[in-house]
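Read the structure below first, then the notes.
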Amino acid sequence: EDRIQALEKVARSIDQSVLDNPATLQQVLDRQTITQDLFNSGIVAVNLDGIALADTPVVAGRRGTSYISNEATRKSLDQGKTIIGRPLVGRVLKQAVFNINTPIRDAKGKVIGALFGVINLAKPNFLDHIGDHRYGKSGGYLVIAPQHNIFVTATDKSRVMQPLPPPGTNPLLDRRMQGFDGPGVAVNSLGVEILSSSSRVPVADWFVVATLPTEEAFAPIHDMQQRIIWAAILLTLIAGILSWWLLRSQLSPMVNAAKQMGEMTGTGKPLNALPVGK
């Protein structure tokens, strides 16, 4: 949202006279130091035909390039809306990028061009605040663009710009693609059973998934189960010993009486009254 607002502010400072004068347009863009900080590969102004008229910082080969085939840029020009583009390999930068496009309008509100800022995923960028962190010891995060069926970025960098697994491969992911954000357990595309939960990013229509292998997620529960089992075994042994001792103490008079009765009947000893224990 910060980047969209900054880009729209710059677009409002450009009119037809500025757009018609590439040198003046270049000066306007060069003054936008804050916007350049927000977009790690700069900003680019294009005309209605999608031809780049100026960019800052200047990248060799970018000015004069047609971006009309870029879906987000074309939609921004045609629909007059701010559009967040699909992550792809830039035609000039040759690296994984996505852009944020906003229309440039004249005094009457007619679209006369577009301005887009470029986020280079191969360079340090604001999404690294998510991707560079782990969840727990072995978990992590995924940023997914469902409308483009692609991983935008992830803690596991091997997933950046990779397509999502085919539908049916991961039923939980299929549910997330349909809007489910609650916790769930599933085996991911790498064959690891994970516990995950997600949250939506409405401005981009993306969602972020926090994942944690169940081996780590449920480790405290497994440890508690083991402790309970060992405690139960120990308490059972103690209870057994106590029960044996109590029974032996309670039944010892009967055992002694039975023993004496046996001796009197088996050996012909005279019958005597049995002693009464207290």
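Every chain in the structure tokens takes a letter, A first, then B, and so on in the order presented; its residues are numbered from 1, and the ligands are numbered from 1 following the presented order.
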Can you list, as number ranges by chain, every protein, DNA or RNA residue that comes within 12 Å of Gln36 in chain A when you count only C-alpha atoms, leaving out same-chain residues fewer than 3 positions away? A: 3, 6-7, 10, 29-33, 39-44, 55-58, 116-119
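Neighbouring residues of Ala23 in chain A at 10 Å or closer, counting only C-alpha atoms and skipping chain neighbours under 4 positions away, are Val18, Leu19, Gln27, Val28, Leu53 and Ala54 of chain A.
The two atoms in question, CA of Val201 in chain A and CA of Leu77 in chain A, are spaced 23.9 Å apart.
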Using backbone DSSP assignments, extract all strand (DSSP E or B) residues from range 121-156 of chain A; output them as a list of chain:residue names.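 Here are the strand (DSSP E or B) residues of range 121-156 of chain A: A:Gly140, A:Tyr141, A:Leu142, A:Val143, A:Ile144, A:Ala145, A:Ile150, A:Phe151, A:Val152, A:Thr153, A:Ala154.
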Keeping only N, CA, C and O atoms, write the selected residues to a file as a PDB file, in the first residue's frame.
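The resulting file, result25.pdb, is shown below:
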```pdb
ATOM      1  N   GLY A 140       8.947 -22.055   7.896  1.00  0.00           N
ATOM      2  CA  GLY A 140       9.218 -20.879   7.069  1.00  0.00           C
ATOM      3  C   GLY A 140       7.934 -20.290   6.519  1.00  0.00           C
ATOM      4  O   GLY A 140       6.828 -20.621   6.967  1.00  0.00           O
ATOM      5  N   TYR A 141       8.098 -19.428   5.534  1.00  0.00           N
ATOM      6  CA  TYR A 141       6.971 -18.701   4.968  1.00  0.00           C
ATOM      7  C   TYR A 141       6.965 -18.826   3.447  1.00  0.00           C
ATOM      8  O   TYR A 141       8.012 -18.979   2.818  1.00  0.00           O
ATOM      9  N   LEU A 142       5.763 -18.754   2.894  1.00  0.00           N
ATOM     10  CA  LEU A 142       5.569 -18.755   1.448  1.00  0.00           C
ATOM     11  C   LEU A 142       4.663 -17.585   1.091  1.00  0.00           C
ATOM     12  O   LEU A 142       3.655 -17.355   1.768  1.00  0.00           O
ATOM     13  N   VAL A 143       5.017 -16.851   0.049  1.00  0.00           N
ATOM     14  CA  VAL A 143       4.140 -15.817  -0.480  1.00  0.00           C
ATOM     15  C   VAL A 143       3.649 -16.313  -1.833  1.00  0.00           C
ATOM     16  O   VAL A 143       4.452 -16.575  -2.736  1.00  0.00           O
ATOM     17  N   ILE A 144       2.341 -16.465  -1.960  1.00  0.00           N
ATOM     18  CA  ILE A 144       1.752 -17.102  -3.148  1.00  0.00           C
ATOM     19  C   ILE A 144       0.830 -16.126  -3.873  1.00  0.00           C
ATOM     20  O   ILE A 144       0.038 -15.419  -3.247  1.00  0.00           O
ATOM     21  N   ALA A 145       0.971 -16.087  -5.198  1.00  0.00           N
ATOM     22  CA  ALA A 145       0.068 -15.311  -6.050  1.00  0.00           C
ATOM     23  C   ALA A 145      -0.886 -16.311  -6.709  1.00  0.00           C
ATOM     24  O   ALA A 145      -0.557 -16.899  -7.745  1.00  0.00           O
ATOM     25  N   ILE A 150       1.673 -19.142  -8.776  1.00  0.00           N
ATOM     26  CA  ILE A 150       3.130 -19.094  -8.635  1.00  0.00           C
ATOM     27  C   ILE A 150       3.523 -18.722  -7.202  1.00  0.00           C
ATOM     28  O   ILE A 150       2.780 -18.034  -6.499  1.00  0.00           O
ATOM     29  N   PHE A 151       4.691 -19.238  -6.773  1.00  0.00           N
ATOM     30  CA  PHE A 151       5.294 -18.797  -5.515  1.00  0.00           C
ATOM     31  C   PHE A 151       6.056 -17.495  -5.806  1.00  0.00           C
ATOM     32  O   PHE A 151       6.970 -17.486  -6.631  1.00  0.00           O
ATOM     33  N   VAL A 152       5.691 -16.412  -5.145  1.00  0.00           N
ATOM     34  CA  VAL A 152       6.371 -15.140  -5.362  1.00  0.00           C
ATOM     35  C   VAL A 152       7.733 -15.159  -4.679  1.00  0.00           C
ATOM     36  O   VAL A 152       8.763 -14.865  -5.283  1.00  0.00           O
ATOM     37  N   THR A 153       7.742 -15.506  -3.402  1.00  0.00           N
ATOM     38  CA  THR A 153       8.991 -15.636  -2.663  1.00  0.00           C
ATOM     39  C   THR A 153       8.751 -16.621  -1.527  1.00  0.00           C
ATOM     40  O   THR A 153       7.612 -16.987  -1.235  1.00  0.00           O
ATOM     41  N   ALA A 154       9.828 -17.042  -0.886  1.00  0.00           N
ATOM     42  CA  ALA A 154       9.714 -18.044   0.173  1.00  0.00           C
ATOM     43  C   ALA A 154      10.985 -18.073   0.992  1.00  0.00           C
ATOM     44  O   ALA A 154      12.040 -17.610   0.549  1.00  0.00           O
TER      45      ALA A 154
END
```
Tell me which protein, DNA and RNA residues are within 8 Å of range 213-217 of chain A, counting only C-alpha atoms, leaving out same-chain ones fewer than 2 positions away, and put them as a PyMOL selection string. chain A and resi 137-139+185+192-195+211+219-220
Residues of range 128-228 of chain A within 7 Å of range 83-100 of chain A: nearest atom pair and distance (Å, one decimal) for each, counting only C-alpha atoms, sorted by chain and number, as JSON lines?
```
{"residue": "A:His148", "atom": "CA", "partner": "A:Arg86", "partner_atom": "CA", "distance": 6.5}
{"residue": "A:Val152", "atom": "CA", "partner": "A:Pro87", "partner_atom": "CA", "distance": 6.5}
{"residue": "A:Met161", "atom": "CA", "partner": "A:Pro87", "partner_atom": "CA", "distance": 6.9}
{"residue": "A:Ala204", "atom": "CA", "partner": "A:Ile84", "partner_atom": "CA", "distance": 6.3}
```
Atoms kept (N, CA and C atoms) for selection, written as a CSV table (one decimal), in the first residue's frame:
```csv
chain,number,residue,atom,x,y,z
A,148,HIS,N,-1.9,-16.1,-10.4
A,148,HIS,CA,-0.8,-16.4,-11.4
A,148,HIS,C,-0.2,-17.8,-11.2
A,152,VAL,N,5.7,-16.4,-5.1
A,152,VAL,CA,6.4,-15.1,-5.4
A,152,VAL,C,7.7,-15.2,-4.7
A,161,MET,N,9.5,-18.0,-7.6
A,161,MET,CA,9.1,-17.9,-9.0
A,161,MET,C,8.8,-19.3,-9.6
A,204,ALA,N,-2.8,-7.1,-3.0
A,204,ALA,CA,-2.2,-7.8,-4.1
A,204,ALA,C,-3.0,-9.0,-4.5
```
Find the spatial neighbours of Ser17 in chain A, counting only C-alpha atoms, within a cut-off of 12 Å - ignore same-chain residues fewer than 4 positions away - and output them as a PyMOL selection string. chain A and resi 13+21-25+105-107+112
I need the residues from that last selection saved to file as a CSV table (one decimal), in the first residue's frame (with N, CA, C and O atoms), if you can.
```csv
chain,number,residue,atom,x,y,z
A,13,SER,N,1.9,14.0,-10.5
A,13,SER,CA,2.7,15.2,-10.8
A,13,SER,C,3.1,15.2,-12.3
A,13,SER,O,3.8,16.2,-12.7
A,21,ASN,N,7.7,15.7,-23.1
A,21,ASN,CA,9.1,16.2,-23.1
A,21,ASN,C,10.0,15.2,-22.3
A,21,ASN,O,10.0,15.3,-21.0
A,22,PRO,N,10.6,14.3,-22.9
A,22,PRO,CA,11.4,13.2,-22.2
A,22,PRO,C,12.4,13.8,-21.3
A,22,PRO,O,12.6,13.2,-20.2
A,23,ALA,N,13.0,14.9,-21.6
A,23,ALA,CA,14.1,15.5,-20.7
A,23,ALA,C,13.4,15.9,-19.4
A,23,ALA,O,13.9,15.7,-18.3
A,24,THR,N,12.3,16.6,-19.5
A,24,THR,CA,11.6,17.1,-18.3
A,24,THR,C,11.1,15.9,-17.5
A,24,THR,O,11.1,15.9,-16.3
A,25,LEU,N,10.5,14.9,-18.2
A,25,LEU,CA,10.0,13.7,-17.6
A,25,LEU,C,11.1,13.0,-16.8
A,25,LEU,O,10.9,12.6,-15.6
A,105,ARG,N,-2.7,10.5,-15.8
A,105,ARG,CA,-3.9,11.1,-16.4
A,105,ARG,C,-3.6,12.6,-16.8
A,105,ARG,O,-2.8,13.2,-16.1
A,106,ASP,N,-4.4,13.1,-17.7
A,106,ASP,CA,-4.3,14.5,-18.0
A,106,ASP,C,-5.2,15.3,-17.1
A,106,ASP,O,-5.9,14.7,-16.2
A,107,ALA,N,-5.3,16.6,-17.4
A,107,ALA,CA,-6.2,17.4,-16.5
A,107,ALA,C,-7.6,17.0,-16.6
A,107,ALA,O,-8.4,17.3,-15.6
A,112,ILE,N,-3.2,9.0,-20.2
A,112,ILE,CA,-2.2,9.3,-21.2
A,112,ILE,C,-0.9,8.5,-21.2
A,112,ILE,O,-0.1,8.6,-22.0
```
Write out as a PyMOL selection string all residues of range 14-251 of chain A that backbone DSSP assigns to helix (DSSP H, G or I). chain A and resi 16-19+22-30+33-38+71-79+128-131+157-159+171-177+214-217+219-251
For each of A:Gln260, A:Pro146, A:Pro163, A:Gly191, take the minimum atom-to-atom distance to Gly179 in chain A, counting only C-alpha atoms, then give the residue where this is smallest.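 Among the listed residues, the smallest separation from Gly179 in chain A belongs to A:Pro146.
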